[in-house]
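Shown next: my_file-v2.txt, containing compact mmCIF, C-alpha atoms.
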# COMPACT_ATOMS: atom_id res chain seq x y z
CA MET A 10 117.79 30.62 89.27
CA PRO A 11 118.25 33.86 87.28
CA ASN A 12 115.34 36.24 87.00
CA ARG A 13 114.03 35.84 83.45
CA ASN A 14 112.71 39.40 83.56
CA ASP A 15 116.21 40.79 84.11
CA SER A 16 117.13 42.05 80.65
CA ARG A 17 120.51 43.49 81.55
CA LEU A 18 122.77 42.46 78.72
CA LEU A 19 125.70 44.65 77.87
CA LEU A 20 126.83 44.58 74.25
CA ALA A 21 130.38 45.81 73.84
CA ALA A 22 132.69 46.22 70.87
CA LEU A 23 136.46 46.50 70.65
CA VAL A 24 138.37 47.22 67.47
CA ILE A 25 141.84 46.07 66.48
CA VAL A 26 143.18 48.62 64.04
CA GLU A 27 146.48 47.62 62.46
CA GLN A 28 148.68 49.77 60.26
CA ALA A 29 152.21 48.88 59.13
CA GLY A 30 152.59 46.22 61.85
CA ARG A 31 151.48 48.56 64.64
CA TYR A 32 148.25 48.53 66.60
CA LEU A 33 146.05 51.40 67.70
CA LEU A 34 145.69 51.68 71.49
CA ILE A 35 144.03 54.35 73.59
CA LYS A 36 145.00 55.64 77.01
CA GLU A 37 141.99 55.46 79.33
CA SER A 38 140.61 58.55 81.07
CA LYS A 39 138.05 56.78 83.29
CA GLU A 40 139.10 56.96 86.92
CA VAL A 41 138.92 53.19 87.50
CA CYS A 42 141.53 52.52 84.78
CA ARG A 43 143.08 55.95 84.26
CA ASN A 44 146.38 56.08 82.31
CA LYS A 45 146.15 52.43 81.29
CA TRP A 46 146.21 51.41 77.63
CA PHE A 47 143.46 49.42 75.93
CA LEU A 48 141.89 48.75 72.56
CA PRO A 49 139.42 51.37 71.33
CA GLY A 50 135.84 50.37 72.02
CA GLY A 51 132.98 50.38 74.45
CA ARG A 52 129.34 49.59 74.91
CA ALA A 53 126.54 49.93 72.41
CA GLU A 54 124.05 52.66 73.21
CA PRO A 55 120.27 52.06 73.06
CA GLY A 56 119.11 51.92 69.45
CA GLU A 57 122.65 51.44 68.13
CA SER A 58 123.93 48.35 66.32
CA ILE A 59 127.14 46.70 67.49
CA LEU A 60 128.75 47.76 64.19
CA GLN A 61 127.78 51.39 64.74
CA ALA A 62 129.04 51.20 68.32
CA ALA A 63 132.42 49.87 67.20
CA VAL A 64 132.92 52.69 64.69
CA ARG A 65 131.63 55.39 67.06
CA GLU A 66 133.69 54.26 70.03
CA SER A 67 136.84 54.02 67.90
CA ARG A 68 136.33 57.59 66.65
CA GLU A 69 135.54 58.98 70.11
CA GLU A 70 138.49 57.32 71.79
CA SER A 71 141.18 57.52 69.10
CA GLY A 72 140.15 60.40 66.83
CA LEU A 73 140.27 58.06 63.82
CA THR A 74 137.43 56.91 61.64
CA VAL A 75 137.68 53.18 61.02
CA GLU A 76 136.16 50.82 58.52
CA LEU A 77 135.37 47.43 60.01
CA THR A 78 136.82 44.54 58.00
CA GLY A 79 136.10 41.42 60.03
CA LEU A 80 135.13 39.80 63.30
CA LEU A 81 138.09 38.23 65.07
CA PHE A 82 136.73 37.21 68.43
CA LEU A 83 133.52 36.97 70.42
CA ASP A 84 133.23 36.32 74.13
CA GLN A 85 130.40 36.15 76.61
CA PHE A 86 130.30 36.74 80.35
CA VAL A 87 127.39 35.13 82.16
CA ASP A 88 126.99 36.59 85.63
CA SER A 89 125.89 34.00 88.19
CA ASP A 90 124.36 36.88 90.13
CA PRO A 91 122.55 39.10 87.60
CA THR A 92 121.86 41.70 90.29
CA LYS A 93 125.58 42.57 90.19
CA ARG A 94 127.42 43.19 86.88
CA GLY A 95 124.94 41.65 84.49
CA ASN A 96 125.74 39.67 81.39
CA ARG A 97 128.02 40.80 78.57
CA ILE A 98 128.71 39.86 75.00
CA ARG A 99 131.86 41.43 73.56
CA PHE A 100 132.68 41.57 69.86
CA VAL A 101 136.30 42.15 68.80
CA PHE A 102 136.36 43.54 65.28
CA LEU A 103 139.21 44.18 62.90
CA GLY A 104 139.31 47.60 61.30
CA LYS A 105 141.42 49.89 59.16
CA PRO A 106 141.81 53.66 59.49
CA ILE A 107 140.07 55.65 56.76
CA GLY A 108 140.21 59.18 58.18
CA GLY A 109 140.57 61.48 61.14
CA GLU A 110 143.58 62.43 63.21
CA LEU A 111 145.16 60.58 66.09
CA LYS A 112 143.85 61.98 69.37
CA GLN A 113 146.39 63.87 71.46
CA SER A 114 144.21 65.72 73.98
CA GLU A 115 142.15 64.36 76.85
CA ASP A 116 138.37 64.31 77.01
CA GLU A 117 135.78 62.10 78.71
CA HIS A 118 136.46 59.25 76.27
CA SER A 119 140.26 58.92 76.51
CA ILE A 120 143.50 60.75 77.20
CA CYS A 121 145.23 60.06 73.87
CA ALA A 122 145.85 57.37 71.28
CA GLY A 123 148.99 55.86 69.79
CA TRP A 124 150.40 53.19 67.50
CA PHE A 125 152.39 50.34 69.06
CA SER A 126 153.97 47.10 67.92
CA GLU A 127 152.95 44.00 69.82
CA ALA A 128 156.32 44.07 71.66
CA GLU A 129 155.87 47.74 72.58
CA ALA A 130 152.32 47.06 73.79
CA ALA A 131 153.70 44.33 76.08
CA ARG A 132 155.79 46.98 77.87
CA LEU A 133 152.87 49.38 78.43
CA GLU A 134 150.72 49.55 81.53
CA LEU A 135 147.68 47.80 80.07
CA ARG A 136 144.15 47.86 81.40
CA SER A 137 144.00 44.09 80.94
CA PRO A 138 146.16 41.20 79.70
CA PHE A 139 143.28 40.65 77.25
CA VAL A 140 144.95 43.23 74.96
CA LEU A 141 148.01 41.04 74.42
CA GLU A 142 145.89 37.90 74.09
CA ILE A 143 143.85 39.54 71.33
CA LEU A 144 146.94 40.88 69.53
CA LYS A 145 148.44 37.39 69.62
CA SER A 146 145.18 35.97 68.30
CA ARG A 147 145.28 38.50 65.44
CA ARG A 148 148.86 37.53 64.59
CA GLU A 149 148.09 33.81 64.60
CA ARG A 150 144.93 33.78 62.51
CA PRO A 151 142.94 35.93 60.11
CA ALA A 152 139.47 37.26 60.83
CA VAL A 153 137.12 34.44 61.68
CA LEU A 154 134.23 36.09 59.87
CA PRO A 155 134.32 38.70 57.09
CA ILE A 156 132.44 41.84 58.09
CA SER A 157 129.98 41.26 55.24
CA MET A 158 128.71 38.25 57.20
CA VAL A 159 127.81 40.33 60.28
CA HIS A 160 124.23 41.35 59.61
CA VAL A 161 122.13 43.80 61.59
CA LEU A 162 118.47 42.85 61.29
CA THR A 163 115.89 45.47 60.39
CA GLN A 164 112.23 45.51 61.43
CA GLU A 165 111.38 44.20 57.94
CA ASP A 166 113.80 41.29 58.40
CA LEU A 167 112.10 40.37 61.67
CA LEU A 168 108.64 40.48 60.06
CA ARG A 169 109.82 38.07 57.33
CA GLU A 170 111.07 35.66 60.02
CA ARG A 171 107.63 35.27 61.60
CA PRO A 172 105.35 32.46 60.40
Please lay out the structure from this file as structure tokens.
Amino acid sequence: MPNRNDSRLLLAALVIVEQAGRYLLIKESKEVCRNKWFLPGGRAEPGESILQAAVRESREESGLTVELTGLLFLDQFVDSDPTKRGNRIRFVFLGKPIGGELKQSEDEHSICAGWFSEAEAARLELRSPFVLEILKSRRERPAVLPISMVHVLTQEDLLRERP
């Protein structure tokens, strides 16, 4: 039985940014997946909402500022052994570029960023087949939930919820 005191829950955000039929991908700089392409995103930092994390991670990894427009996909990983990886909830947002410049030089967040069609992405060395699954999902259906329906609760909201 899982330890109820184990509060390890990773919240992660990925962002699908589409422009003129091409998708924004970043080339990873982390050693474990170096030189592989993935969607911009990462984990939420303490005190940061998942929406803030999605925008921040996109900017850090791609050089572009994005505006989130919807929530396409949500998945959860429940670790049967919470002493190992821990549990994860991953949000896949849709976004559009509103500023910045495409990253072309390596730092600790990524090597570079680029725009690719779905067919071009299929020929890249991807970090995970999840990239193509998500791009296909985007092509086949619109955002499941408009971004205006993703609400980050404040302390005041929580106080109003209590009896």
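Note that CA of Gly50 in chain A and CA of Arg136 in chain A are 12.8 Å apart.
Compared by their closest atoms to Val159 in chain A, and using only C-alpha atoms, the residues A:Glu142, A:Leu48, A:Gln61, A:Glu40 rank with A:Gln61 nearest.
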Using only C-alpha atoms, find the one residue out of A:Val140, A:Ile35, A:Ile25, A:Ala130 that sits nearest to Glu76 in chain A. A:Ile25
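Shortest atom-to-atom contact with Ser146 in chain A among A:Phe102, A:Tyr32, A:Phe82, A:Trp46: A:Phe82, counting all atoms listed in the file.
Nearest residue to Leu154 in chain A, choosing from A:Leu167, A:Ala21, A:Ala131, A:Leu77 and counting only C-alpha atoms: A:Leu77.
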Protein/DNA/RNA residues near (120.6, 42.8, 70.4), cut 12 Å, only C-alpha atoms, as a PyMOL selection string: chain A and resi 16-21+52-60+97-99+160-163
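The space between CA of Leu33 in chain A and CA of Leu135 in chain A spans 13.0 Å.
The residue that comes closest to Arg65 in chain A, out of A:Val24, A:Leu83, A:Cys121, A:Val153 and on the basis of all atoms listed in the file, is A:Val24.
From CA of Lys112 in chain A back to CA of Leu73 in chain A, the distance works out to 7.7 Å.
Proximity ranking of A:Leu168, A:Ala63, A:Ser38, A:Phe47 relative to Leu144 in chain A places A:Phe47 first, based on all atoms listed in the file.
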List as a PyMOL selection string the protein and nucleic acid residues near Gly30 in chain A, meaning an atom at most 12 Å away when only C-alpha atoms are counted, but skip any in the same chain fewer than 4 places from it. chain A and resi 25-26+124-130+144+147-148
Set the distance at 8 Å and use all atoms listed in the file: which residues neighbour His118 in chain A once local chain neighbours fewer than 3 positions away are removed? I'd like the list as a PyMOL selection string. chain A and resi 37-39+69-70+115
